[in-house]
Amino acid sequence: MNRPTGMTDRADPWSVPIAVEQIPDTGLHRDIEASAATREAMAELGGLREILSASASLDVTPKSGGRFHVEGWIRARIGQTCVVTLDPIESDIDEPIDLIFAPPEQIPEMAALVDEAAESAVEIPDPPEPIVNGVIDLGRLATDALFLGVDPYPRKPDAVFEVPVVPPDPEDHPFAALKALQLDAKPPGPKKPKRG
């Protein structure tokens, strides 16, 4: 899918498709960097204030059975809003990427192997991702990894959530009602002697 220059797909803003048939037997290496327009669309998609930078370095290695191993990392600097102070903050993301891609027809069989491993004491591998239309999209993979690294509740290092201290009301204690009753009841005054 070719897009006109400068346009990004809002649902899939960082697209770097690699046709698996063009991957050499020795594998390939790709360093990719998101443009300003792509980062803006990614920020909107991920609910972030902004993405100041985003780059990935990925190695794609062919495996048996038409599968491919994608390994590398995504690094980004993002802008969010502190959940305590509501001040703008920036944070760095450095997420590893380590996935197997397989032809769609192999996914059910490989997913069953993952389920079997889950039932035993064996370390559970991640299920493979499908190769869609003969393509592995490295940009989409990097975007997903970036979003996994985002802190959903970002806060400034020195931000502390404090509950406001309200001084106690002197009239708000267990015997306040009794005191009010006592004040309302007037004590009888001294009796005056009757004349006469």
# chains A, B, ... in the order shown; residues from 1 in each chain; ligands from 1
>>> residues_around(residues="range 45-58 of chain A", least_positions_apart="6", cutoff="7 Å", atoms="only C-alpha atoms", output="list in words")
His29, Arg30, Asp31, Ile32, Glu33, Ala34, Arg39, Val70, Glu71, Gly72, Trp73, Ile74, Arg75, Ala76, Arg77, Ile78, Gly79, Gln80, Ala142 and Phe147 of chain A
>>> write_last_selection(atoms="N, CA and C atoms", output="PDB file, in the first residue's frame")
ATOM      1  N   HIS A  29      18.536  -6.130   8.398  1.00  0.00           N
ATOM      2  CA  HIS A  29      18.530  -5.196   9.528  1.00  0.00           C
ATOM      3  C   HIS A  29      17.889  -3.901   9.049  1.00  0.00           C
ATOM      4  N   ARG A  30      17.019  -3.324   9.861  1.00  0.00           N
ATOM      5  CA  ARG A  30      16.390  -2.040   9.537  1.00  0.00           C
ATOM      6  C   ARG A  30      16.442  -1.112  10.745  1.00  0.00           C
ATOM      7  N   ASP A  31      16.924   0.113  10.507  1.00  0.00           N
ATOM      8  CA  ASP A  31      16.815   1.208  11.479  1.00  0.00           C
ATOM      9  C   ASP A  31      15.750   2.138  10.929  1.00  0.00           C
ATOM     10  N   ILE A  32      14.703   2.379  11.714  1.00  0.00           N
ATOM     11  CA  ILE A  32      13.610   3.233  11.245  1.00  0.00           C
ATOM     12  C   ILE A  32      13.372   4.360  12.244  1.00  0.00           C
ATOM     13  N   GLU A  33      12.910   5.486  11.722  1.00  0.00           N
ATOM     14  CA  GLU A  33      12.614   6.640  12.573  1.00  0.00           C
ATOM     15  C   GLU A  33      11.300   7.263  12.112  1.00  0.00           C
ATOM     16  N   ALA A  34      10.446   7.590  13.064  1.00  0.00           N
ATOM     17  CA  ALA A  34       9.133   8.164  12.745  1.00  0.00           C
ATOM     18  C   ALA A  34       9.263   9.654  12.467  1.00  0.00           C
ATOM     19  N   ARG A  39       4.647  10.844  14.203  1.00  0.00           N
ATOM     20  CA  ARG A  39       4.653  10.902  15.677  1.00  0.00           C
ATOM     21  C   ARG A  39       3.398  11.595  16.190  1.00  0.00           C
ATOM     22  N   VAL A  70      11.778 -11.627  14.612  1.00  0.00           N
ATOM     23  CA  VAL A  70      12.050 -10.181  14.622  1.00  0.00           C
ATOM     24  C   VAL A  70      12.520  -9.814  16.018  1.00  0.00           C
ATOM     25  N   GLU A  71      13.708  -9.216  16.078  1.00  0.00           N
ATOM     26  CA  GLU A  71      14.304  -8.880  17.367  1.00  0.00           C
ATOM     27  C   GLU A  71      14.938  -7.499  17.275  1.00  0.00           C
ATOM     28  N   GLY A  72      14.850  -6.744  18.365  1.00  0.00           N
ATOM     29  CA  GLY A  72      15.455  -5.410  18.404  1.00  0.00           C
ATOM     30  C   GLY A  72      14.883  -4.595  19.541  1.00  0.00           C
ATOM     31  N   TRP A  73      14.701  -3.287  19.293  1.00  0.00           N
ATOM     32  CA  TRP A  73      14.194  -2.395  20.329  1.00  0.00           C
ATOM     33  C   TRP A  73      13.519  -1.180  19.706  1.00  0.00           C
ATOM     34  N   ILE A  74      12.710  -0.524  20.507  1.00  0.00           N
ATOM     35  CA  ILE A  74      12.109   0.774  20.170  1.00  0.00           C
ATOM     36  C   ILE A  74      12.512   1.740  21.261  1.00  0.00           C
ATOM     37  N   ARG A  75      12.974   2.907  20.866  1.00  0.00           N
ATOM     38  CA  ARG A  75      13.285   3.966  21.834  1.00  0.00           C
ATOM     39  C   ARG A  75      12.485   5.208  21.452  1.00  0.00           C
ATOM     40  N   ALA A  76      11.930   5.855  22.471  1.00  0.00           N
ATOM     41  CA  ALA A  76      11.107   7.035  22.216  1.00  0.00           C
ATOM     42  C   ALA A  76      11.146   7.976  23.411  1.00  0.00           C
ATOM     43  N   ARG A  77      10.847   9.224  23.143  1.00  0.00           N
ATOM     44  CA  ARG A  77      10.643  10.231  24.199  1.00  0.00           C
ATOM     45  C   ARG A  77       9.233  10.739  24.022  1.00  0.00           C
ATOM     46  N   ILE A  78       8.445  10.614  25.091  1.00  0.00           N
ATOM     47  CA  ILE A  78       7.032  10.973  25.002  1.00  0.00           C
ATOM     48  C   ILE A  78       6.670  12.057  26.011  1.00  0.00           C
ATOM     49  N   GLY A  79       5.643  12.809  25.702  1.00  0.00           N
ATOM     50  CA  GLY A  79       5.104  13.822  26.601  1.00  0.00           C
ATOM     51  C   GLY A  79       3.740  13.386  27.099  1.00  0.00           C
ATOM     52  N   GLN A  80       3.577  13.442  28.417  1.00  0.00           N
ATOM     53  CA  GLN A  80       2.309  13.099  29.036  1.00  0.00           C
ATOM     54  C   GLN A  80       1.936  14.178  30.047  1.00  0.00           C
ATOM     55  N   ALA A 142       6.759  -1.722  15.971  1.00  0.00           N
ATOM     56  CA  ALA A 142       7.431  -0.751  16.841  1.00  0.00           C
ATOM     57  C   ALA A 142       6.414   0.109  17.591  1.00  0.00           C
ATOM     58  N   PHE A 147       3.684   1.579  22.717  1.00  0.00           N
ATOM     59  CA  PHE A 147       2.495   1.741  23.549  1.00  0.00           C
ATOM     60  C   PHE A 147       2.527   0.820  24.768  1.00  0.00           C
TER      61      PHE A 147
END
>>> residues_around(residues="Ile136 in chain A", least_positions_apart="4", cutoff="8 Å", atoms="only C-alpha atoms", output="MDAnalysis selection string")
chainID A and resid 17:20 101 131:132
>>> closest_residue(among="A:Leu141, A:Leu148, A:Ala37, A:Leu99", to="Asp126 in chain A", atoms="only C-alpha atoms")
A:Leu99
>>> closest_residue(among="A:Val83, A:Ala43, A:Val60, A:Leu146", to="Pro24 in chain A", atoms="only C-alpha atoms")
A:Val60
>>> closest_residue(among="A:Gln22, A:Glu95, A:Leu86, A:Gly66", to="Asp144 in chain A", atoms="only C-alpha atoms")
A:Glu95
>>> atom_distance(atom1="CA of Pro13 in chain A", atom2="CA of Gly134 in chain A")
19.7 Å
>>> closest_residue(among="A:Asp92, A:Asn133, A:Val84, A:Ala41", to="Pro104 in chain A", atoms="only C-alpha atoms")
A:Asn133
>>> atom_distance(atom1="CA of Pro96 in chain A", atom2="CA of Glu44 in chain A")
22.9 Å
>>> select_by_dssp(residues="range 2-66 of chain A", states="helix (DSSP H, G or I)", output="list in words")
Val20, Glu21, Gln22, Ala36, Ala37, Thr38, Arg39, Glu40, Ala41, Met42, Ala43, Glu44, Leu45, Gly46, Ser64, Gly65 and Gly66 of chain A
>>> write_last_selection(atoms="all heavy atoms", output="tab-separated table (two decimals), in the first residue's frame")
chain	number	residue	atom	x	y	z
A	20	VAL	N	8.01	-10.51	2.97
A	20	VAL	CA	8.83	-11.62	3.44
A	20	VAL	C	9.57	-12.31	2.30
A	20	VAL	O	10.66	-12.85	2.49
A	20	VAL	CB	8.00	-12.64	4.26
A	20	VAL	CG1	7.48	-12.00	5.54
A	20	VAL	CG2	6.86	-13.23	3.46
A	21	GLU	N	9.01	-12.27	1.10
A	21	GLU	CA	9.67	-12.92	-0.04
A	21	GLU	C	10.96	-12.19	-0.44
A	21	GLU	O	11.81	-12.75	-1.12
A	21	GLU	CB	8.73	-13.03	-1.24
A	21	GLU	CG	8.31	-11.68	-1.79
A	21	GLU	CD	7.27	-11.77	-2.90
A	21	GLU	OE1	6.56	-12.78	-2.97
A	21	GLU	OE2	7.18	-10.81	-3.69
A	22	GLN	N	11.12	-10.95	0.02
A	22	GLN	CA	12.32	-10.18	-0.31
A	22	GLN	C	13.37	-10.23	0.80
A	22	GLN	O	14.42	-9.60	0.68
A	22	GLN	CB	11.95	-8.73	-0.62
A	22	GLN	CG	11.08	-8.60	-1.86
A	22	GLN	CD	10.63	-7.17	-2.11
A	22	GLN	OE1	10.86	-6.28	-1.30
A	22	GLN	NE2	9.96	-6.97	-3.23
A	36	ALA	N	7.76	13.63	11.96
A	36	ALA	CA	6.96	14.48	12.86
A	36	ALA	C	5.47	14.22	12.68
A	36	ALA	O	4.73	14.10	13.66
A	36	ALA	CB	7.30	15.95	12.62
A	37	ALA	N	5.01	14.10	11.42
A	37	ALA	CA	3.58	13.85	11.17
A	37	ALA	C	3.17	12.48	11.70
A	37	ALA	O	2.09	12.32	12.28
A	37	ALA	CB	3.29	13.95	9.67
A	38	THR	N	4.05	11.49	11.54
A	38	THR	CA	3.78	10.15	12.05
A	38	THR	C	3.71	10.15	13.56
A	38	THR	O	2.80	9.56	14.16
A	38	THR	CB	4.86	9.17	11.55
A	38	THR	OG1	4.83	9.14	10.13
A	38	THR	CG2	4.64	7.77	12.11
A	39	ARG	N	4.65	10.84	14.20
A	39	ARG	CA	4.65	10.90	15.68
A	39	ARG	C	3.40	11.60	16.19
A	39	ARG	O	2.83	11.19	17.20
A	39	ARG	CB	5.91	11.62	16.18
A	39	ARG	CG	7.19	10.85	15.91
A	39	ARG	CD	8.38	11.42	16.68
A	39	ARG	NE	8.50	12.86	16.63
A	39	ARG	CZ	9.22	13.54	15.73
A	39	ARG	NH1	9.87	12.89	14.77
A	39	ARG	NH2	9.30	14.85	15.80
A	40	GLU	N	2.95	12.62	15.50
A	40	GLU	CA	1.73	13.33	15.91
A	40	GLU	C	0.52	12.39	15.84
A	40	GLU	O	-0.30	12.34	16.76
A	40	GLU	CB	1.51	14.54	15.01
A	40	GLU	CG	0.31	15.37	15.40
A	40	GLU	CD	0.11	16.58	14.49
A	40	GLU	OE1	1.08	17.05	13.88
A	40	GLU	OE2	-1.04	17.04	14.40
A	41	ALA	N	0.43	11.62	14.75
A	41	ALA	CA	-0.68	10.67	14.60
A	41	ALA	C	-0.58	9.55	15.63
A	41	ALA	O	-1.59	9.10	16.18
A	41	ALA	CB	-0.69	10.10	13.18
A	42	MET	N	0.64	9.09	15.92
A	42	MET	CA	0.83	8.05	16.94
A	42	MET	C	0.41	8.56	18.32
A	42	MET	O	-0.21	7.84	19.09
A	42	MET	CB	2.30	7.61	16.98
A	42	MET	CG	2.75	6.80	15.79
A	42	MET	SD	4.55	6.66	15.69
A	42	MET	CE	4.94	5.77	17.19
A	43	ALA	N	0.77	9.80	18.64
A	43	ALA	CA	0.41	10.38	19.93
A	43	ALA	C	-1.11	10.44	20.08
A	43	ALA	O	-1.66	10.11	21.13
A	43	ALA	CB	1.03	11.77	20.09
A	44	GLU	N	-1.77	10.84	19.01
A	44	GLU	CA	-3.24	10.92	19.03
A	44	GLU	C	-3.83	9.52	19.23
A	44	GLU	O	-4.73	9.33	20.05
A	44	GLU	CB	-3.75	11.52	17.73
A	44	GLU	CG	-5.25	11.72	17.69
A	44	GLU	CD	-5.71	12.35	16.38
A	44	GLU	OE1	-4.96	13.16	15.81
A	44	GLU	OE2	-6.81	11.99	15.94
A	45	LEU	N	-3.30	8.54	18.52
A	45	LEU	CA	-3.78	7.17	18.61
A	45	LEU	C	-3.55	6.59	20.01
A	45	LEU	O	-4.41	5.91	20.56
A	45	LEU	CB	-3.07	6.30	17.57
A	45	LEU	CG	-3.46	4.83	17.51
A	45	LEU	CD1	-4.91	4.67	17.06
A	45	LEU	CD2	-2.54	4.07	16.56
A	46	GLY	N	-2.40	6.91	20.61
A	46	GLY	CA	-2.06	6.37	21.93
A	46	GLY	C	-2.52	7.20	23.10
A	46	GLY	O	-2.26	6.85	24.25
A	64	SER	N	12.74	-21.85	9.96
A	64	SER	CA	12.13	-22.93	9.19
A	64	SER	C	10.61	-22.77	9.13
A	64	SER	O	10.00	-22.14	9.99
A	64	SER	CB	12.48	-24.29	9.81
A	64	SER	OG	11.96	-24.36	11.13
A	65	GLY	N	10.01	-23.36	8.10
A	65	GLY	CA	8.55	-23.37	7.97
A	65	GLY	C	7.96	-22.04	7.56
A	65	GLY	O	6.79	-21.79	7.81
A	66	GLY	N	8.76	-21.16	6.97
A	66	GLY	CA	8.23	-19.87	6.52
A	66	GLY	C	8.04	-18.88	7.65
A	66	GLY	O	7.35	-17.86	7.50
>>> closest_residue(among="A:Asp158, A:Pro128, A:Ser35, A:Val135", to="Pro108 in chain A", atoms="only C-alpha atoms")
A:Pro128
>>> atom_distance(atom1="CA of Pro130 in chain A", atom2="CA of Gln106 in chain A")
8.4 Å
>>> decode(residues="range 43-115 of chain A", atoms="C-alpha atoms", output="short mmCIF file (atom, residue, chain, number, x, y, z; two decimals), in the first residue's frame")
data_model
loop_
_atom_site.label_atom_id
_atom_site.label_comp_id
_atom_site.auth_asym_id
_atom_site.auth_seq_id
_atom_site.Cartn_x
_atom_site.Cartn_y
_atom_site.Cartn_z
CA ALA A 43 0.41 10.38 19.93
CA GLU A 44 -3.24 10.92 19.03
CA LEU A 45 -3.78 7.17 18.61
CA GLY A 46 -2.06 6.37 21.93
CA GLY A 47 -3.70 9.17 23.94
CA LEU A 48 -0.37 10.90 24.57
CA ARG A 49 0.26 14.63 24.76
CA GLU A 50 3.10 14.23 22.24
CA ILE A 51 5.83 11.93 20.96
CA LEU A 52 9.04 13.91 20.65
CA SER A 53 11.07 11.10 19.05
CA ALA A 54 10.61 7.46 18.08
CA SER A 55 13.14 5.15 16.47
CA ALA A 56 13.58 1.40 16.21
CA SER A 57 16.38 -0.97 15.29
CA LEU A 58 15.20 -4.40 14.14
CA ASP A 59 16.71 -7.61 12.79
CA VAL A 60 14.50 -9.96 10.76
CA THR A 61 15.81 -13.52 10.52
CA PRO A 62 14.20 -16.33 8.45
CA LYS A 63 13.38 -19.55 10.34
CA SER A 64 12.13 -22.93 9.19
CA GLY A 65 8.55 -23.37 7.97
CA GLY A 66 8.23 -19.87 6.52
CA ARG A 67 8.53 -18.25 9.95
CA PHE A 68 10.57 -15.14 10.79
CA HIS A 69 12.17 -13.95 14.03
CA VAL A 70 12.05 -10.18 14.62
CA GLU A 71 14.30 -8.88 17.37
CA GLY A 72 15.45 -5.41 18.40
CA TRP A 73 14.19 -2.39 20.33
CA ILE A 74 12.11 0.77 20.17
CA ARG A 75 13.28 3.97 21.83
CA ALA A 76 11.11 7.04 22.22
CA ARG A 77 10.64 10.23 24.20
CA ILE A 78 7.03 10.97 25.00
CA GLY A 79 5.10 13.82 26.60
CA GLN A 80 2.31 13.10 29.04
CA THR A 81 0.43 14.87 31.83
CA CYS A 82 1.23 14.13 35.48
CA VAL A 83 -1.80 12.48 37.11
CA VAL A 84 -1.10 14.27 40.40
CA THR A 85 -0.13 17.83 39.46
CA LEU A 86 -1.50 17.93 35.89
CA ASP A 87 1.85 19.41 34.81
CA PRO A 88 3.36 18.35 31.48
CA ILE A 89 6.13 15.76 31.87
CA GLU A 90 8.42 13.85 29.52
CA SER A 91 9.64 10.27 29.84
CA ASP A 92 11.82 7.86 27.90
CA ILE A 93 10.74 4.48 26.57
CA ASP A 94 13.23 1.73 25.78
CA GLU A 95 11.34 -1.48 24.97
CA PRO A 96 12.80 -4.73 23.66
CA ILE A 97 11.11 -6.49 20.73
CA ASP A 98 11.35 -10.26 20.34
CA LEU A 99 8.61 -11.94 18.28
CA ILE A 100 8.07 -14.80 15.86
CA PHE A 101 5.95 -14.21 12.75
CA ALA A 102 4.35 -17.19 10.99
CA PRO A 103 2.09 -17.78 8.01
CA PRO A 104 -1.58 -17.44 9.07
CA GLU A 105 -2.32 -21.15 8.50
CA GLN A 106 0.32 -22.09 11.13
CA ILE A 107 -1.09 -19.84 13.85
CA PRO A 108 -3.77 -22.25 15.25
CA GLU A 109 -1.25 -25.13 15.46
CA MET A 110 1.41 -22.96 17.11
CA ALA A 111 -1.16 -21.42 19.48
CA ALA A 112 -2.12 -24.96 20.56
CA LEU A 113 1.56 -25.66 21.37
CA VAL A 114 1.60 -22.51 23.53
CA ASP A 115 -1.56 -23.69 25.32
#
